[in-house]
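Chemist: Dumping the structure here so I can ask a few things about it.
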Protein chains: 2
Amino acid sequence: MTRTTFFTATTLDGYIADEHDSLEWLFVQDVREDGPMSYASFIQGIGAMAMGATTYAWIGDHLRKTGEAWMYDIPCWVFTHREFEPYGEGITFTSAPVAEVHAEMVAAAGGRDLWMVGGGDLAAQFADAGLLDELLVSIAPVTLGAGRPLFPRPYDLELTELAQNGSFVCARYDVVGPRA
Amino acid sequence: MTRTTFFTATTLDGYIADEHDSLEWLFVQDVREDGPMSYASFIQGIGAMAMGATTYAWIGDHLRKTGEAWMYDIPCWVFTHREFEPYGEGITFTSAPVAEVHAEMVAAAGGRDLWMVGGGDLAAQFADAGLLDELLVSIAPVTLGAGRPLFPRPYDLELTELAQNGSFVCARYDVVGPRA
């Protein structure tokens with residue numbers, strides 16, 4: 001059974017980026033890629049990924065600034081109404097309903113799981129369609145006071161795994177459902 | 001050396017109460033009072049407490065609804081510009097600067113530590129005055145998407161303790177300082 005996981009870093013006060021979409025607060029943290037609940041261990045089980053336009057645009061800026069190449073070798077769906085260039089292989093731009101895209105992702109993933117990259121609103125749209133199984137959050141020891149919200153909906157979750165990795169609290173939650 | 005700790009529950013997305021100041025999401029959670037980082041263990045080391053007017057008003061509503069009595073036997077400072085009745089013994093209403101009140105609290109605490117009850121803005125005012133040492137947060141497995149913010153300022157923290165208690169992630173952080 002394919003699982004769909006919103007794997008993301010967040011601040012302690014629930015922001016996945018600051019008001020200017022910066023992740024400067026994130027890159028200064030300590031993390032062990034061979035530690036528990038790391039990106040390196042997570043990505044091994046993933047067969048397809050999806051993100052929103054703001055996240056994709058942020059990656060584009062990052063690639064331009066650093067000269068790095070697109071870093072994913074799995075198919076990626078980008079939900080957007082904007083025009084973008086593909087920054088790598090296997091990128092599909094879509095404005096189709098999330099259920100339709102999710103079905104395409106499952107088919108493409110070859111039995112592996114799906115990564116909801118973000119942002120929070122797209123992750124919540126997946127959840128609203130009953131298509132988000134988990135949140136796996138790496139909580140940085142930072143507050144921002146303002147920024148892009150982690151998950152802009154009232155939902156009940158259930159804690160299933162907890163660990164410290166470097167300076168992060170890593171917590172895995174099953175999505176129970178929208179709060180009554 | 002007296003320590004001042006902002007001990008509070010929060011949602012995963014960083015709210016300490018919903019938009020209507022309700023804690024309904026909190027009281028449905030599982031917690032073990034004899035478990036790690038519980039209120040019961042925390043309060044044993046506390047000699048004085050401080051809260052803002054909204055928190056105090058919420059407690060007043062709770063006492064009226066439930067018929068319970070004021071549940072604290074340590075001196076309590078309430079920062080307010082509103083008129084309130086005292087709901088119990090040892091309550092001081094103040095609009096003095098936080099540094100002045102903090103000094104009174106230290107003197108009253110008899111060598112024990114101080115509890116910053118909240119809300120988030122008062123806790124941040126203590127931090128801005130260099131008078132908040134720790135955050136000790138119990139993170140409920142809930143998102144709200146909106147509500148009263150945990151800590152409405154950009155601050156760097158350092159994780160010093162982590163545990164699960166019932167359905168909560170309990171994390172203790174030293175306050176490092178405002179983010180540059």
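Quick note on naming: the chains in the structure tokens go A, B, ... in the order shown, residues restart at 1 in each chain, and ligands are numbered from 1 in order of appearance.
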With the cut-off set at 8 Å and counting only C-alpha atoms, tabulate each residue of chain B with an atom at most that distance from an atom of chain A, showing the nearest atom pair and its distance in Å to one decimal, ordered by chain and increasing number, as a Markdown table.

Modeler:
| residue | atom | partner | partner_atom | distance |
| --- | --- | --- | --- | --- |
| B:Leu12 | CA | A:Gly14 | CA | 6.6 |
| B:Asp13 | CA | A:Gly14 | CA | 4.1 |
| B:Gly14 | CA | A:Asp13 | CA | 4.1 |
| B:Tyr15 | CA | A:Asp13 | CA | 7.5 |
| B:Pro141 | CA | A:Leu157 | CA | 4.9 |
| B:Val142 | CA | A:Asp156 | CA | 4.8 |
| B:Thr143 | CA | A:Pro154 | CA | 5.0 |
| B:Leu144 | CA | A:Pro154 | CA | 3.9 |
| B:Gly145 | CA | A:Pro152 | CA | 4.0 |
| B:Ala146 | CA | A:Pro152 | CA | 7.2 |
| B:Pro149 | CA | A:Asp13 | CA | 7.5 |
| B:Leu150 | CA | A:Asp13 | CA | 6.2 |
| B:Phe151 | CA | A:Gly145 | CA | 6.3 |
| B:Pro152 | CA | A:Gly145 | CA | 4.0 |
| B:Arg153 | CA | A:Gly145 | CA | 4.4 |
| B:Pro154 | CA | A:Leu144 | CA | 3.9 |
| B:Tyr155 | CA | A:Thr143 | CA | 5.1 |
| B:Asp156 | CA | A:Val142 | CA | 4.8 |
| B:Leu157 | CA | A:Pro141 | CA | 4.9 |
| B:Glu158 | CA | A:Pro141 | CA | 5.8 |
| B:Leu159 | CA | A:Ser167 | CA | 6.4 |
| B:Leu162 | CA | A:Gln164 | CA | 7.5 |
| B:Gln164 | CA | A:Leu162 | CA | 7.5 |
| B:Ser167 | CA | A:Leu159 | CA | 6.4 |
| B:Phe168 | CA | A:Leu159 | CA | 7.7 |
| B:Val169 | CA | A:Leu162 | CA | 7.8 |
| B:Tyr173 | CA | A:Pro141 | CA | 7.6 |

Chemist: Of the candidates A:Tyr56, A:Trp70, A:Phe126, A:Phe6, which shows the shortest atom-to-atom distance to Ala99 in chain A, using only C-alpha atoms?

Modeler: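 Among A:Tyr56, A:Trp70, A:Phe126, A:Phe6, it is A:Phe126 that comes nearest to Ala99 in chain A.
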
Chemist: From range 104-135 of chain A, collect each residue whose DSSP state is alpha helix (DSSP H) and return the set as a ChimeraX atom specification.

Modeler: /A:104-108,120-128

Chemist: Could you save those same residues with N, CA and C atoms as a PDB file, in the first residue's frame?

Modeler:
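Listed below is the output, again_36.pdb:
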ATOM      1  N   GLU A 104      -1.667   9.165 -10.795  1.00  0.00           N
ATOM      2  CA  GLU A 104      -0.516   9.101 -11.716  1.00  0.00           C
ATOM      3  C   GLU A 104       0.780   8.857 -10.952  1.00  0.00           C
ATOM      4  N   MET A 105       0.905   9.504  -9.794  1.00  0.00           N
ATOM      5  CA  MET A 105       2.129   9.353  -8.995  1.00  0.00           C
ATOM      6  C   MET A 105       2.273   7.918  -8.495  1.00  0.00           C
ATOM      7  N   VAL A 106       1.174   7.366  -8.008  1.00  0.00           N
ATOM      8  CA  VAL A 106       1.198   5.979  -7.514  1.00  0.00           C
ATOM      9  C   VAL A 106       1.646   5.040  -8.636  1.00  0.00           C
ATOM     10  N   ALA A 107       1.087   5.252  -9.822  1.00  0.00           N
ATOM     11  CA  ALA A 107       1.435   4.399 -10.971  1.00  0.00           C
ATOM     12  C   ALA A 107       2.916   4.537 -11.323  1.00  0.00           C
ATOM     13  N   ALA A 108       3.436   5.758 -11.205  1.00  0.00           N
ATOM     14  CA  ALA A 108       4.832   6.013 -11.580  1.00  0.00           C
ATOM     15  C   ALA A 108       5.819   5.540 -10.523  1.00  0.00           C
ATOM     16  N   GLY A 120       2.734  23.911   2.623  1.00  0.00           N
ATOM     17  CA  GLY A 120       1.709  23.483   3.537  1.00  0.00           C
ATOM     18  C   GLY A 120       0.318  23.435   2.933  1.00  0.00           C
ATOM     19  N   ASP A 121       0.023  24.393   2.072  1.00  0.00           N
ATOM     20  CA  ASP A 121      -1.320  24.430   1.502  1.00  0.00           C
ATOM     21  C   ASP A 121      -1.552  23.246   0.561  1.00  0.00           C
ATOM     22  N   LEU A 122      -0.554  22.892  -0.238  1.00  0.00           N
ATOM     23  CA  LEU A 122      -0.698  21.741  -1.135  1.00  0.00           C
ATOM     24  C   LEU A 122      -0.804  20.447  -0.316  1.00  0.00           C
ATOM     25  N   ALA A 123       0.007  20.331   0.728  1.00  0.00           N
ATOM     26  CA  ALA A 123      -0.085  19.160   1.607  1.00  0.00           C
ATOM     27  C   ALA A 123      -1.491  19.055   2.193  1.00  0.00           C
ATOM     28  N   ALA A 124      -2.054  20.189   2.594  1.00  0.00           N
ATOM     29  CA  ALA A 124      -3.403  20.196   3.162  1.00  0.00           C
ATOM     30  C   ALA A 124      -4.450  19.837   2.108  1.00  0.00           C
ATOM     31  N   GLN A 125      -4.231  20.243   0.856  1.00  0.00           N
ATOM     32  CA  GLN A 125      -5.154  19.847  -0.222  1.00  0.00           C
ATOM     33  C   GLN A 125      -5.144  18.332  -0.414  1.00  0.00           C
ATOM     34  N   PHE A 126      -3.959  17.726  -0.336  1.00  0.00           N
ATOM     35  CA  PHE A 126      -3.874  16.268  -0.396  1.00  0.00           C
ATOM     36  C   PHE A 126      -4.638  15.645   0.788  1.00  0.00           C
ATOM     37  N   ALA A 127      -4.428  16.204   1.960  1.00  0.00           N
ATOM     38  CA  ALA A 127      -5.113  15.676   3.145  1.00  0.00           C
ATOM     39  C   ALA A 127      -6.626  15.806   2.997  1.00  0.00           C
ATOM     40  N   ASP A 128      -7.085  16.954   2.499  1.00  0.00           N
ATOM     41  CA  ASP A 128      -8.523  17.181   2.329  1.00  0.00           C
ATOM     42  C   ASP A 128      -9.137  16.178   1.356  1.00  0.00           C
TER      43      ASP A 128
END

Chemist: Mind checking which residues fall within 6 Å of Ala17 in chain B, counting only C-alpha atoms, ignoring those fewer than 2 positions away in the same chain, and posting them as a list of chain:residue names?

Modeler: B:Tyr15, B:Asp21, B:Ser22, B:Leu23, B:Gly147, B:Arg148

Chemist: Mind dumping the selected residues with N, CA and C atoms as an mmCIF file, in the first residue's frame?

Modeler:
data_model
loop_
_atom_site.group_PDB
_atom_site.id
_atom_site.type_symbol
_atom_site.label_atom_id
_atom_site.label_comp_id
_atom_site.auth_asym_id
_atom_site.auth_seq_id
_atom_site.Cartn_x
_atom_site.Cartn_y
_atom_site.Cartn_z
ATOM 1 N N TYR B 15 0.424 26.995 17.816
ATOM 2 C CA TYR B 15 -0.620 27.790 18.463
ATOM 3 C C TYR B 15 -0.873 27.289 19.880
ATOM 4 N N ASP B 21 -9.635 31.492 21.715
ATOM 5 C CA ASP B 21 -8.948 31.236 22.986
ATOM 6 C C ASP B 21 -9.341 29.901 23.607
ATOM 7 N N SER B 22 -9.842 28.987 22.798
ATOM 8 C CA SER B 22 -10.227 27.682 23.332
ATOM 9 C C SER B 22 -9.033 26.732 23.388
ATOM 10 N N LEU B 23 -9.045 25.883 24.430
ATOM 11 C CA LEU B 23 -8.045 24.820 24.590
ATOM 12 C C LEU B 23 -8.694 23.451 24.413
ATOM 13 N N GLY B 147 -4.727 30.783 15.189
ATOM 14 C CA GLY B 147 -4.892 30.847 16.637
ATOM 15 C C GLY B 147 -3.909 31.806 17.269
ATOM 16 N N ARG B 148 -3.656 31.588 18.565
ATOM 17 C CA ARG B 148 -2.765 32.460 19.332
ATOM 18 C C ARG B 148 -1.343 31.934 19.231
#

Chemist: Which is closest to Trp115 in chain B among B:Cys76, B:Ala96, B:Ala129, B:Thr4, if we use only C-alpha atoms?

Modeler: B:Thr4
